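The structure file start27.csv is reproduced below (CSV, C-alpha atoms).
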chain,number,residue,atom,x,y,z
A,1,MET,CA,132.2,60.7,53.3
A,2,THR,CA,128.9,62.0,52.0
A,3,LEU,CA,128.8,64.2,48.8
A,4,GLU,CA,127.8,67.1,51.1
A,5,GLU,CA,131.0,66.7,53.1
A,6,LEU,CA,133.0,66.2,49.9
A,7,VAL,CA,131.8,69.5,48.5
A,8,LYS,CA,133.2,71.3,51.5
A,9,VAL,CA,136.5,69.4,51.4
A,10,ILE,CA,137.3,70.4,47.8
A,11,ASP,CA,135.5,73.8,47.6
A,12,ALA,CA,133.2,72.5,45.0
A,13,THR,CA,130.2,74.1,43.3
A,14,VAL,CA,127.1,71.9,42.8
A,15,VAL,CA,126.0,72.1,39.2
A,16,THR,CA,123.3,69.4,39.2
A,17,GLY,CA,121.9,66.9,41.7
A,18,HIS,CA,121.4,69.1,44.8
A,19,GLU,CA,118.9,66.6,46.1
A,20,LYS,CA,121.4,63.7,46.1
A,21,LEU,CA,124.1,65.2,48.3
A,22,THR,CA,123.3,63.0,51.3
A,23,ALA,CA,124.6,60.0,49.4
A,24,LYS,CA,127.8,58.3,50.8
A,25,ILE,CA,130.6,57.9,48.3
A,26,ARG,CA,132.4,54.6,48.0
A,27,GLY,CA,135.7,55.9,46.7
A,28,VAL,CA,137.3,58.0,44.1
A,29,TYR,CA,138.4,57.3,40.5
A,30,VAL,CA,140.7,59.7,38.5
A,31,SER,CA,141.0,59.4,34.7
A,32,ASP,CA,140.4,61.4,31.5
A,33,LEU,CA,140.0,58.4,29.3
A,34,LEU,CA,136.3,57.4,29.1
A,35,SER,CA,137.2,53.8,28.1
A,36,ASP,CA,139.5,53.5,31.1
A,37,VAL,CA,136.7,54.7,33.4
A,38,ILE,CA,134.3,52.3,31.9
A,39,GLY,CA,136.7,49.5,32.4
A,40,HIS,CA,137.9,50.3,36.0
A,41,ALA,CA,135.7,52.7,38.0
A,42,GLN,CA,133.4,51.1,40.5
A,43,GLU,CA,129.8,51.8,41.4
A,44,GLY,CA,129.3,54.6,43.9
A,45,GLN,CA,132.6,56.2,43.3
A,46,VAL,CA,133.1,59.9,42.4
A,47,TRP,CA,135.0,60.5,39.2
A,48,LEU,CA,137.6,63.3,38.8
A,49,THR,CA,138.0,64.5,35.2
A,50,ILE,CA,138.6,67.4,33.0
A,51,GLN,CA,136.5,65.9,30.2
A,52,THR,CA,133.3,67.9,29.9
A,53,HIS,CA,131.5,66.6,26.8
A,54,THR,CA,128.2,64.9,27.1
A,55,ASN,CA,129.5,61.3,26.9
A,56,VAL,CA,130.7,61.6,30.5
A,57,VAL,CA,127.1,61.5,31.7
A,58,ALA,CA,126.4,58.2,29.8
A,59,VAL,CA,129.5,56.7,31.4
A,60,ALA,CA,128.4,57.8,34.9
A,61,LEU,CA,125.0,56.3,34.3
A,62,LEU,CA,126.5,53.1,33.0
A,63,LEU,CA,128.6,52.6,36.1
A,64,ASN,CA,126.1,54.2,38.6
A,65,LEU,CA,128.8,56.7,39.8
A,66,ALA,CA,128.0,59.0,42.8
A,67,ALA,CA,129.1,62.1,41.0
A,68,ILE,CA,131.3,63.6,38.3
A,69,ILE,CA,133.7,66.2,39.6
A,70,PHE,CA,135.2,68.5,36.9
A,71,THR,CA,138.6,69.7,38.2
A,72,ALA,CA,141.0,72.5,37.4
A,73,GLY,CA,138.2,74.9,36.6
A,74,ALA,CA,136.8,72.7,33.8
A,75,THR,CA,133.1,73.5,33.3
A,76,PRO,CA,130.6,71.1,31.7
A,77,ASP,CA,129.1,71.9,28.3
A,78,GLY,CA,125.5,73.0,28.3
A,79,GLU,CA,124.3,69.8,26.7
A,80,THR,CA,126.2,67.8,29.4
A,81,VAL,CA,124.4,69.8,32.2
A,82,THR,CA,121.0,69.2,30.6
A,83,LYS,CA,121.6,65.5,30.2
A,84,ALA,CA,122.8,65.2,33.8
A,85,GLN,CA,119.7,67.0,35.0
A,86,ASN,CA,117.4,64.7,33.0
A,87,GLU,CA,119.3,61.6,34.2
A,88,GLY,CA,119.8,62.6,37.8
A,89,ILE,CA,123.6,62.6,37.7
A,90,VAL,CA,125.4,64.8,40.2
A,91,LEU,CA,127.8,67.2,38.6
A,92,LEU,CA,130.3,69.2,40.7
A,93,THR,CA,133.0,71.7,39.6
A,94,THR,CA,136.1,72.8,41.5
A,95,ALA,CA,138.9,75.3,40.7
A,96,LEU,CA,141.4,73.0,42.4
A,97,SER,CA,143.8,71.0,40.3
A,98,THR,CA,143.2,67.3,39.9
A,99,TYR,CA,146.2,66.6,42.1
A,100,GLU,CA,145.0,68.9,44.9
A,101,THR,CA,141.4,67.6,44.6
A,102,ALA,CA,142.5,63.9,44.8
A,103,GLY,CA,145.0,64.8,47.7
A,104,ARG,CA,142.3,66.4,49.8
A,105,LEU,CA,139.9,63.5,49.2
A,106,TYR,CA,142.6,61.0,50.1
A,107,ARG,CA,143.5,62.8,53.3
A,108,ASN,CA,139.8,63.0,54.3
A,109,GLN,CA,138.8,59.5,53.4
A,110,GLN,CA,136.8,57.3,55.8
C,1,MET,CA,147.4,57.3,-23.6
C,2,LYS,CA,146.6,59.8,-20.9
C,3,ALA,CA,143.5,59.0,-18.8
C,4,VAL,CA,140.7,61.6,-18.7
C,5,LEU,CA,140.3,62.7,-15.1
C,6,LYS,CA,136.8,63.3,-13.7
C,7,THR,CA,135.4,64.9,-10.6
C,8,TYR,CA,133.6,62.7,-8.2
C,9,THR,CA,131.8,63.8,-5.1
C,10,ALA,CA,132.6,61.8,-1.9
C,11,ASP,CA,131.4,61.4,1.6
C,12,LEU,CA,133.8,59.1,3.3
C,13,HIS,CA,132.4,58.9,6.8
C,14,VAL,CA,128.9,57.7,7.4
C,15,HIS,CA,127.4,55.8,10.3
C,16,THR,CA,124.5,53.3,10.3
C,17,THR,CA,122.0,51.9,12.8
C,18,LEU,CA,124.9,49.9,14.2
C,19,SER,CA,126.4,53.0,15.8
C,20,PRO,CA,124.5,53.7,19.0
C,21,CYS,CA,124.6,57.4,18.5
C,22,ALA,CA,123.2,57.2,15.0
C,23,GLU,CA,119.5,57.6,14.0
C,24,ARG,CA,117.4,54.5,13.3
C,25,GLN,CA,116.7,55.6,9.7
C,26,MET,CA,120.4,55.0,8.8
C,27,VAL,CA,119.5,51.9,6.7
C,28,PRO,CA,120.7,51.2,3.2
C,29,GLU,CA,117.5,52.3,1.3
C,30,GLN,CA,117.3,55.6,3.0
C,31,VAL,CA,121.1,56.3,3.2
C,32,PHE,CA,121.5,55.7,-0.5
C,33,ALA,CA,118.4,57.7,-1.5
C,34,ARG,CA,119.8,60.6,0.5
C,35,ALA,CA,123.3,60.2,-0.9
C,36,ILE,CA,122.1,60.2,-4.5
C,37,LYS,CA,120.0,63.2,-3.8
C,38,ALA,CA,123.1,65.0,-2.4
C,39,GLY,CA,125.0,64.1,-5.6
C,40,ILE,CA,127.3,61.7,-3.9
C,41,ASP,CA,129.3,59.3,-6.1
C,42,VAL,CA,131.5,57.7,-3.4
C,43,LEU,CA,130.2,56.8,0.1
C,44,ALA,CA,132.1,55.1,2.9
C,45,ILE,CA,130.3,53.2,5.6
C,46,THR,CA,132.2,53.7,8.9
C,47,ASP,CA,130.5,52.5,12.1
C,48,HIS,CA,132.2,52.7,15.4
C,49,ASN,CA,134.4,49.7,16.0
C,50,SER,CA,132.3,47.3,13.9
C,51,THR,CA,131.8,46.2,10.3
C,52,TRP,CA,128.6,44.1,10.9
C,53,ASN,CA,126.4,46.3,8.7
C,54,LEU,CA,128.8,46.4,5.7
C,55,PRO,CA,127.3,43.3,4.0
C,56,ALA,CA,123.8,44.9,4.1
C,57,PHE,CA,125.1,48.1,2.6
C,58,LEU,CA,127.3,46.6,0.0
C,59,ARG,CA,124.6,44.2,-1.2
C,60,HIS,CA,122.1,47.1,-1.7
C,61,CYS,CA,124.5,49.4,-3.4
C,62,PRO,CA,122.7,51.2,-6.3
C,63,PRO,CA,124.4,51.3,-9.7
C,64,GLY,CA,126.7,54.3,-10.1
C,65,LEU,CA,127.3,54.7,-6.4
C,66,TRP,CA,130.6,53.3,-5.1
C,67,VAL,CA,130.3,52.2,-1.5
C,68,ILE,CA,133.6,51.7,0.3
C,69,PRO,CA,133.6,49.3,3.2
C,70,GLY,CA,135.1,50.8,6.3
C,71,MET,CA,135.1,51.4,10.1
C,72,GLU,CA,135.7,54.2,12.5
C,73,VAL,CA,138.0,52.6,15.0
C,74,GLN,CA,138.8,53.9,18.5
C,75,THR,CA,142.3,53.2,19.7
C,76,LYS,CA,143.6,52.8,23.3
C,77,GLU,CA,144.4,56.5,23.4
C,78,GLU,CA,140.7,57.2,22.4
C,79,ILE,CA,141.7,58.4,19.0
C,80,HIS,CA,139.2,57.9,16.2
C,81,LEU,CA,140.5,56.8,12.8
C,82,VAL,CA,138.7,56.1,9.6
C,83,CYS,CA,139.7,52.7,8.1
C,84,LEU,CA,138.8,52.0,4.5
C,85,PHE,CA,139.2,48.7,2.6
C,86,PRO,CA,139.4,47.8,-1.1
C,87,GLU,CA,136.9,45.0,-0.6
C,88,LEU,CA,134.4,43.6,1.9
C,89,ASP,CA,136.4,40.5,2.9
C,90,ALA,CA,139.3,42.5,4.2
C,91,ALA,CA,137.0,44.9,6.0
C,92,MET,CA,135.2,42.0,7.6
C,93,GLU,CA,138.5,40.4,8.7
C,94,TRP,CA,139.4,43.7,10.4
C,95,GLY,CA,135.8,43.7,11.9
C,96,ARG,CA,136.3,40.2,13.4
C,97,LYS,CA,139.7,41.2,14.8
C,98,VAL,CA,138.3,44.3,16.5
C,99,ARG,CA,135.3,42.3,17.9
C,100,THR,CA,137.7,39.9,19.7
C,101,LEU,CA,139.6,42.9,21.1
C,102,LEU,CA,136.6,44.9,22.3
C,103,PRO,CA,136.3,45.1,26.1
C,104,SER,CA,133.5,42.8,27.5
C,105,VAL,CA,131.4,45.8,28.6
C,106,LYS,CA,127.8,45.5,27.4
C,107,ASN,CA,125.9,48.3,25.8
C,108,LYS,CA,123.1,49.8,27.7
C,109,LYS,CA,120.6,50.9,25.0
C,110,THR,CA,118.8,53.4,27.3
C,111,TYR,CA,122.1,55.3,27.8
C,112,PHE,CA,124.0,55.0,24.6
C,113,GLY,CA,121.3,53.9,22.1
C,114,SER,CA,120.7,50.7,20.0
C,115,GLN,CA,123.4,49.0,18.0
C,116,THR,CA,121.2,47.4,15.4
C,117,ILE,CA,122.6,44.8,13.0
C,118,LEU,CA,120.8,44.7,9.6
C,119,ASP,CA,120.2,41.6,7.5
C,120,GLY,CA,120.7,41.2,3.7
C,121,ASN,CA,117.5,43.1,3.1
C,122,GLY,CA,118.4,46.0,5.3
C,123,LYS,CA,116.0,44.9,8.0
C,124,PRO,CA,116.9,44.6,11.7
C,125,ARG,CA,118.4,41.2,12.4
C,126,GLY,CA,119.7,41.7,16.0
C,127,GLU,CA,121.8,43.8,18.3
C,128,GLU,CA,125.5,44.0,18.9
C,129,GLU,CA,125.6,43.5,22.6
C,130,LEU,CA,129.1,44.8,23.4
C,131,LEU,CA,129.4,48.5,23.7
C,132,LEU,CA,130.9,49.9,20.5
C,133,LEU,CA,131.7,53.3,22.0
C,134,ASN,CA,134.8,52.0,23.6
C,135,SER,CA,138.5,51.6,22.9
C,136,ILE,CA,140.2,48.6,21.6
C,137,PRO,CA,143.4,47.7,23.6
C,138,LEU,CA,145.7,48.6,20.6
C,139,SER,CA,147.8,51.7,20.5
C,140,LEU,CA,147.6,54.2,17.6
C,141,GLY,CA,150.7,52.6,16.0
C,142,GLU,CA,149.5,49.0,16.4
C,143,THR,CA,146.1,49.8,15.0
C,144,VAL,CA,147.6,51.6,11.9
C,145,PHE,CA,150.0,48.7,11.4
C,146,GLN,CA,147.2,46.1,11.5
C,147,VAL,CA,144.8,47.9,9.1
C,148,ARG,CA,147.6,48.6,6.6
C,149,ARG,CA,148.7,44.9,6.8
C,150,LEU,CA,145.1,44.0,5.7
C,151,GLY,CA,145.5,46.3,2.7
C,152,GLY,CA,143.4,49.1,4.2
C,153,VAL,CA,143.8,52.8,4.3
C,154,ILE,CA,143.7,54.5,7.7
C,155,TYR,CA,143.8,58.2,8.7
C,156,PRO,CA,142.8,60.3,11.7
C,157,ALA,CA,139.1,61.3,11.9
C,158,HIS,CA,137.8,64.8,12.6
C,159,ILE,CA,141.2,66.2,13.7
C,160,ASP,CA,139.7,69.6,14.6
C,161,ARG,CA,137.4,68.2,17.2
C,162,SER,CA,138.0,68.6,20.9
C,163,ALA,CA,137.1,64.9,21.7
C,164,PHE,CA,138.3,61.6,20.2
C,165,SER,CA,140.7,63.2,17.7
C,166,ILE,CA,144.4,62.6,17.4
C,167,ILE,CA,145.0,66.3,18.3
C,168,SER,CA,142.7,66.3,21.4
C,169,GLN,CA,144.3,63.0,22.7
C,170,ILE,CA,148.0,63.5,21.9
C,171,GLY,CA,148.2,67.3,21.4
C,172,PHE,CA,149.9,67.2,18.1
C,173,LEU,CA,150.5,64.9,15.1
C,174,PRO,CA,153.1,62.5,16.3
C,175,PRO,CA,156.1,61.8,14.0
C,176,SER,CA,155.0,58.1,13.8
C,177,PRO,CA,152.9,56.6,12.4
C,178,THR,CA,152.8,58.8,9.4
C,179,PHE,CA,149.6,59.7,7.6
C,180,THR,CA,149.1,61.2,4.1
C,181,ALA,CA,145.5,62.1,4.8
C,182,LEU,CA,143.6,63.8,7.6
C,183,GLU,CA,139.9,64.1,8.0
C,184,ILE,CA,138.3,67.4,9.0
C,185,SER,CA,134.8,68.2,10.2
C,186,PRO,CA,132.1,69.9,8.1
C,187,ARG,CA,132.1,73.2,10.0
C,188,VAL,CA,135.7,73.9,10.5
C,189,PRO,CA,137.2,76.6,8.2
C,190,LEU,CA,139.5,75.0,5.6
C,191,ALA,CA,142.0,77.8,5.3
C,192,LYS,CA,143.2,77.5,8.9
C,193,LEU,CA,143.8,73.8,8.7
C,194,ARG,CA,145.4,74.1,5.2
C,195,GLN,CA,147.9,76.4,6.8
C,196,GLN,CA,148.5,74.0,9.8
C,197,TYR,CA,148.9,70.9,7.6
C,198,PRO,CA,150.2,72.1,4.3
C,199,GLU,CA,151.7,68.7,3.3
C,200,HIS,CA,148.6,66.5,4.1
C,201,THR,CA,145.7,65.6,2.0
C,202,LEU,CA,142.7,67.0,3.8
C,203,ILE,CA,139.4,65.1,3.5
C,204,ARG,CA,136.2,66.8,4.5
C,205,ALA,CA,133.6,64.3,5.5
C,206,SER,CA,130.2,64.5,7.1
C,207,ASP,CA,130.5,62.0,10.0
C,208,ALA,CA,126.8,61.6,9.4
C,209,HIS,CA,124.7,60.1,12.2
C,210,ALA,CA,121.5,61.3,10.6
C,211,LEU,CA,120.1,61.2,7.1
C,212,GLU,CA,120.1,65.0,6.5
C,213,GLN,CA,123.8,65.2,7.4
C,214,ILE,CA,124.9,62.9,4.5
C,215,GLY,CA,126.8,64.8,1.8
C,216,GLY,CA,127.0,68.0,3.8
C,217,LYS,CA,130.3,69.6,2.6
C,218,PRO,CA,131.5,66.7,0.6
C,219,SER,CA,135.0,66.3,-0.8
C,220,ARG,CA,135.8,66.1,-4.5
C,221,LEU,CA,137.9,63.2,-5.8
C,222,ILE,CA,139.8,63.9,-9.0
C,223,MET,CA,140.3,60.5,-10.5
C,224,ALA,CA,140.0,58.6,-13.9
C,225,GLU,CA,137.4,56.2,-12.6
C,226,LEU,CA,135.7,54.8,-9.5
C,227,HIS,CA,138.4,52.4,-8.6
C,228,TRP,CA,140.5,51.6,-5.5
C,229,GLU,CA,143.8,52.2,-7.2
C,230,GLU,CA,142.6,55.5,-8.4
C,231,PHE,CA,141.4,56.4,-4.9
C,232,LEU,CA,144.9,55.6,-3.5
C,233,LEU,CA,146.5,57.8,-6.1
C,234,ALA,CA,144.1,60.6,-5.1
C,235,LEU,CA,144.9,60.2,-1.4
C,236,ASN,CA,148.6,60.3,-2.2
C,237,GLN,CA,148.2,63.2,-4.7
C,238,GLN,CA,149.9,61.3,-7.4
C,239,GLU,CA,149.6,61.4,-11.2
C,240,GLN,CA,147.3,64.5,-11.1
C,241,ARG,CA,144.8,62.6,-8.9
C,242,LYS,CA,143.8,64.5,-5.8
C,243,VAL,CA,141.3,65.2,-3.1
C,244,ILE,CA,139.8,68.6,-2.8
C,245,ALA,CA,138.2,69.5,0.5
C,246,ASN,CA,135.7,72.3,0.3
Write out the structure in this file as structure tokens.
Amino acid sequence: MTLEELVKVIDATVVTGHEKLTAKIRGVYVSDLLSDVIGHAQEGQVWLTIQTHTNVVAVALLLNLAAIIFTAGATPDGETVTKAQNEGIVLLTTALSTYETAGRLYRNQQ
Amino acid sequence: MKAVLKTYTADLHVHTTLSPCAERQMVPEQVFARAIKAGIDVLAITDHNSTWNLPAFLRHCPPGLWVIPGMEVQTKEEIHLVCLFPELDAAMEWGRKVRTLLPSVKNKKTYFGSQTILDGNGKPRGEEELLLLNSIPLSLGETVFQVRRLGGVIYPAHIDRSAFSIISQIGFLPPSPTFTALEISPRVPLAKLRQQYPEHTLIRASDAHALEQIGGKPSRLIMAELHWEEFLLALNQQEQRKVIAN
């Protein structure tokens, strides 16, 4: 699935990284503990979280993640958005719960 | 004879060049100059998950300033806690223990910043290559147990913050482990927290990552002298010793 397709599947809003939506995702990781993401998420995955502070961008950069998806209506802090813009990280938001978001992505995986 | 109690000014949470998010001027000479200018009598050095810069800071400690060796540890639950030790050896032992426990993820300087280790003269000696902004694989309870076993004091850092605090990570103060002290951030109103935690010793500390933050809203320690045993009495509010958060 490309990020463009993913955006439709989970009714997401693109906050940053409009130019990168043709990228294919390599999977999904769900966690709100940054250290857990650092330890276990894989390059090219999208990351579902409700953590919105600026450290999430550094983690996405470290692992070269395809996008950070803020679920359950969580919206990234202003500083997080600025940092993501500067670093070229894709940020998406969705009003869907984490469960619903992950469920839709699982159902549509290929 | 009854001891005469004095008022000391303390900042018990200060980072150095070893913490990737801290500024590069956080070296002994400049940190101490700023602390003295801010009227600080007691300063704790608390880098993220490391004690490697403690020797540089304790060796350069100017007369009249009491520098407490410490660390800001991050538990498995991503809770930050301030650890303070009576002497350098115990702090370094805890530092070595934490180093063996740190995940083998390397720091990327361009993303997180440098983790500069200072030599005895306060000059850069090298880099900590493992990422210090990470969690050790010990739970809150295990971490507290280990620090106390080494003779250290440990209490939750910046409990009012929405990230990396015991409240943000657990949602409330768990019944165990118990803490006598809680740290609060410079900006949060004291009255509200006083009401929420009437039984605890509240310690306001700067969590300084930059020189100008050192000594911002310090706490007062009411003690007979600058001594570890006196400090423990103050933390436990015993024998008229106490901590006053502003």
With all atoms listed in the file considered, list every residue of chain A at most 10 Å from chain C, as a ChimeraX atom specification.
/A:32-36,38-39,51-53,55,57-62,87
note - CA of Leu3 in chain A and CA of Lys109 in chain C are separated by 28.5 Å
Which polymer residues have any atom within 9 Å of an atom of Gln25 in chain C, counting all atoms listed in the file, with same-chain residues fewer than 3 positions away left out, as a PyMOL selection string?
chain C and resi 16-17+22+28+30-31+210-211
Could the residues in this selection be written to a file with C-alpha atoms, as a short mmCIF file (atom, residue, chain, number, x, y, z; two decimals), keeping the file's coordinate frame?
data_model
loop_
_atom_site.label_atom_id
_atom_site.label_comp_id
_atom_site.auth_asym_id
_atom_site.auth_seq_id
_atom_site.Cartn_x
_atom_site.Cartn_y
_atom_site.Cartn_z
CA THR C 16 124.50 53.30 10.30
CA THR C 17 122.00 51.90 12.80
CA ALA C 22 123.20 57.20 15.00
CA PRO C 28 120.70 51.20 3.20
CA GLN C 30 117.30 55.60 3.00
CA VAL C 31 121.10 56.30 3.20
CA ALA C 210 121.50 61.30 10.60
CA LEU C 211 120.10 61.20 7.10
#
One decimal, Å: what's the distance from CA of Lys24 in chain A over to CA of Asn108 in chain A, could you say?
13.4 Å
So how far away is CA of Leu140 in chain C from CA of Ile117 in chain C, in Å?
27.1 Å
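Closest approach to Leu105 in chain A among A:Ile69, A:Val14, A:Leu21, A:Leu63 is made by A:Ile69 (distances from all atoms listed in the file).
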For range 16-84 of chain A against range 89-101 of chain A, with a cut-off of 10 Å and counting only C-alpha atoms, what is the closest atom pair and its distance in Å to one decimal for every residue that makes the cut, ordered by chain and number, as JSON lines?
{"residue": "A:Thr16", "atom": "CA", "partner": "A:Leu91", "partner_atom": "CA", "distance": 5.0}
{"residue": "A:Gly17", "atom": "CA", "partner": "A:Val90", "partner_atom": "CA", "distance": 4.3}
{"residue": "A:His18", "atom": "CA", "partner": "A:Val90", "partner_atom": "CA", "distance": 7.5}
{"residue": "A:Glu19", "atom": "CA", "partner": "A:Val90", "partner_atom": "CA", "distance": 9.0}
{"residue": "A:Lys20", "atom": "CA", "partner": "A:Val90", "partner_atom": "CA", "distance": 7.2}
{"residue": "A:Leu21", "atom": "CA", "partner": "A:Val90", "partner_atom": "CA", "distance": 8.2}
{"residue": "A:Val30", "atom": "CA", "partner": "A:Thr98", "partner_atom": "CA", "distance": 8.1}
{"residue": "A:Ser31", "atom": "CA", "partner": "A:Thr98", "partner_atom": "CA", "distance": 9.7}
{"residue": "A:Val46", "atom": "CA", "partner": "A:Val90", "partner_atom": "CA", "distance": 9.4}
{"residue": "A:Trp47", "atom": "CA", "partner": "A:Leu91", "partner_atom": "CA", "distance": 9.9}
{"residue": "A:Leu48", "atom": "CA", "partner": "A:Thr98", "partner_atom": "CA", "distance": 7.0}
{"residue": "A:Thr49", "atom": "CA", "partner": "A:Thr98", "partner_atom": "CA", "distance": 7.5}
{"residue": "A:Ile50", "atom": "CA", "partner": "A:Thr98", "partner_atom": "CA", "distance": 8.3}
{"residue": "A:Val57", "atom": "CA", "partner": "A:Ile89", "partner_atom": "CA", "distance": 7.0}
{"residue": "A:Ala58", "atom": "CA", "partner": "A:Ile89", "partner_atom": "CA", "distance": 9.5}
{"residue": "A:Ala60", "atom": "CA", "partner": "A:Ile89", "partner_atom": "CA", "distance": 7.3}
{"residue": "A:Leu61", "atom": "CA", "partner": "A:Ile89", "partner_atom": "CA", "distance": 7.3}
{"residue": "A:Asn64", "atom": "CA", "partner": "A:Ile89", "partner_atom": "CA", "distance": 8.8}
{"residue": "A:Leu65", "atom": "CA", "partner": "A:Ile89", "partner_atom": "CA", "distance": 8.1}
{"residue": "A:Ala66", "atom": "CA", "partner": "A:Val90", "partner_atom": "CA", "distance": 6.9}
{"residue": "A:Ala67", "atom": "CA", "partner": "A:Val90", "partner_atom": "CA", "distance": 4.6}
{"residue": "A:Ile68", "atom": "CA", "partner": "A:Leu91", "partner_atom": "CA", "distance": 5.0}
{"residue": "A:Ile69", "atom": "CA", "partner": "A:Leu92", "partner_atom": "CA", "distance": 4.7}
{"residue": "A:Phe70", "atom": "CA", "partner": "A:Thr93", "partner_atom": "CA", "distance": 4.7}
{"residue": "A:Thr71", "atom": "CA", "partner": "A:Thr94", "partner_atom": "CA", "distance": 5.2}
{"residue": "A:Ala72", "atom": "CA", "partner": "A:Ser97", "partner_atom": "CA", "distance": 4.3}
{"residue": "A:Gly73", "atom": "CA", "partner": "A:Ala95", "partner_atom": "CA", "distance": 4.2}
{"residue": "A:Ala74", "atom": "CA", "partner": "A:Thr93", "partner_atom": "CA", "distance": 7.0}
{"residue": "A:Thr75", "atom": "CA", "partner": "A:Thr93", "partner_atom": "CA", "distance": 6.6}
{"residue": "A:Pro76", "atom": "CA", "partner": "A:Thr93", "partner_atom": "CA", "distance": 8.3}
{"residue": "A:Thr80", "atom": "CA", "partner": "A:Leu91", "partner_atom": "CA", "distance": 9.4}
{"residue": "A:Val81", "atom": "CA", "partner": "A:Leu91", "partner_atom": "CA", "distance": 7.7}
{"residue": "A:Lys83", "atom": "CA", "partner": "A:Ile89", "partner_atom": "CA", "distance": 8.3}
{"residue": "A:Ala84", "atom": "CA", "partner": "A:Ile89", "partner_atom": "CA", "distance": 4.8}
Write the residues of the preceding selection, restricted to C-alpha atoms, as a PDB file, in the frame of the given file.
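Result written to again-v8.pdb:
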ATOM      1  CA  THR A  16     123.300  69.400  39.200  1.00  0.00           C
ATOM      2  CA  GLY A  17     121.900  66.900  41.700  1.00  0.00           C
ATOM      3  CA  HIS A  18     121.400  69.100  44.800  1.00  0.00           C
ATOM      4  CA  GLU A  19     118.900  66.600  46.100  1.00  0.00           C
ATOM      5  CA  LYS A  20     121.400  63.700  46.100  1.00  0.00           C
ATOM      6  CA  LEU A  21     124.100  65.200  48.300  1.00  0.00           C
ATOM      7  CA  VAL A  30     140.700  59.700  38.500  1.00  0.00           C
ATOM      8  CA  SER A  31     141.000  59.400  34.700  1.00  0.00           C
ATOM      9  CA  VAL A  46     133.100  59.900  42.400  1.00  0.00           C
ATOM     10  CA  TRP A  47     135.000  60.500  39.200  1.00  0.00           C
ATOM     11  CA  LEU A  48     137.600  63.300  38.800  1.00  0.00           C
ATOM     12  CA  THR A  49     138.000  64.500  35.200  1.00  0.00           C
ATOM     13  CA  ILE A  50     138.600  67.400  33.000  1.00  0.00           C
ATOM     14  CA  VAL A  57     127.100  61.500  31.700  1.00  0.00           C
ATOM     15  CA  ALA A  58     126.400  58.200  29.800  1.00  0.00           C
ATOM     16  CA  ALA A  60     128.400  57.800  34.900  1.00  0.00           C
ATOM     17  CA  LEU A  61     125.000  56.300  34.300  1.00  0.00           C
ATOM     18  CA  ASN A  64     126.100  54.200  38.600  1.00  0.00           C
ATOM     19  CA  LEU A  65     128.800  56.700  39.800  1.00  0.00           C
ATOM     20  CA  ALA A  66     128.000  59.000  42.800  1.00  0.00           C
ATOM     21  CA  ALA A  67     129.100  62.100  41.000  1.00  0.00           C
ATOM     22  CA  ILE A  68     131.300  63.600  38.300  1.00  0.00           C
ATOM     23  CA  ILE A  69     133.700  66.200  39.600  1.00  0.00           C
ATOM     24  CA  PHE A  70     135.200  68.500  36.900  1.00  0.00           C
ATOM     25  CA  THR A  71     138.600  69.700  38.200  1.00  0.00           C
ATOM     26  CA  ALA A  72     141.000  72.500  37.400  1.00  0.00           C
ATOM     27  CA  GLY A  73     138.200  74.900  36.600  1.00  0.00           C
ATOM     28  CA  ALA A  74     136.800  72.700  33.800  1.00  0.00           C
ATOM     29  CA  THR A  75     133.100  73.500  33.300  1.00  0.00           C
ATOM     30  CA  PRO A  76     130.600  71.100  31.700  1.00  0.00           C
ATOM     31  CA  THR A  80     126.200  67.800  29.400  1.00  0.00           C
ATOM     32  CA  VAL A  81     124.400  69.800  32.200  1.00  0.00           C
ATOM     33  CA  LYS A  83     121.600  65.500  30.200  1.00  0.00           C
ATOM     34  CA  ALA A  84     122.800  65.200  33.800  1.00  0.00           C
TER      35      ALA A  84
END
Which residues come within 6 Å of Gly70 in chain C, counting all atoms listed in the file, excluding same-chain residues fewer than 4 positions away, as JSON, numbers by chain?
{"C": [45, 46, 83, 84, 85]}
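Using all atoms listed in the file, the shortest contact distance between Ala56 in chain C and any of C:Leu118, C:Leu102, C:Ile244, C:Val14 is found at C:Leu118.
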Skipping near chain neighbours, those fewer than 5 positions away, what residues fall within 12 Å of Arg96 in chain C using all atoms listed in the file, listed as a list in words?
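Surrounding residues, per the criterion: Asn49, Ser50, Thr51, Trp52, Met71, Asp89, Ala90, Ala91, Leu101 and Leu102 of chain C.
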How would the residues just chosen look if you wrote them out with C-alpha atoms as a PDB file, in the frame of the given file?
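And here is the file that came out, result-v1.pdb:
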ATOM      1  CA  ASN C  49     134.400  49.700  16.000  1.00  0.00           C
ATOM      2  CA  SER C  50     132.300  47.300  13.900  1.00  0.00           C
ATOM      3  CA  THR C  51     131.800  46.200  10.300  1.00  0.00           C
ATOM      4  CA  TRP C  52     128.600  44.100  10.900  1.00  0.00           C
ATOM      5  CA  MET C  71     135.100  51.400  10.100  1.00  0.00           C
ATOM      6  CA  ASP C  89     136.400  40.500   2.900  1.00  0.00           C
ATOM      7  CA  ALA C  90     139.300  42.500   4.200  1.00  0.00           C
ATOM      8  CA  ALA C  91     137.000  44.900   6.000  1.00  0.00           C
ATOM      9  CA  LEU C 101     139.600  42.900  21.100  1.00  0.00           C
ATOM     10  CA  LEU C 102     136.600  44.900  22.300  1.00  0.00           C
TER      11      LEU C 102
END
Considering only C-alpha atoms, return as a PyMOL selection string whatever protein or nucleic-acid residues lie within 10 Å of Gly126 in chain C, sequence-local ones (same chain, fewer than 6 positions apart) excluded.
chain C and resi 18+114-119
Any chance you can output those residues with C-alpha atoms as a short mmCIF file (atom, residue, chain, number, x, y, z; two decimals), keeping the file's coordinate frame?
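What follows is the written file selection39.cif:
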data_model
loop_
_atom_site.label_atom_id
_atom_site.label_comp_id
_atom_site.auth_asym_id
_atom_site.auth_seq_id
_atom_site.Cartn_x
_atom_site.Cartn_y
_atom_site.Cartn_z
CA LEU C 18 124.90 49.90 14.20
CA SER C 114 120.70 50.70 20.00
CA GLN C 115 123.40 49.00 18.00
CA THR C 116 121.20 47.40 15.40
CA ILE C 117 122.60 44.80 13.00
CA LEU C 118 120.80 44.70 9.60
CA ASP C 119 120.20 41.60 7.50
#
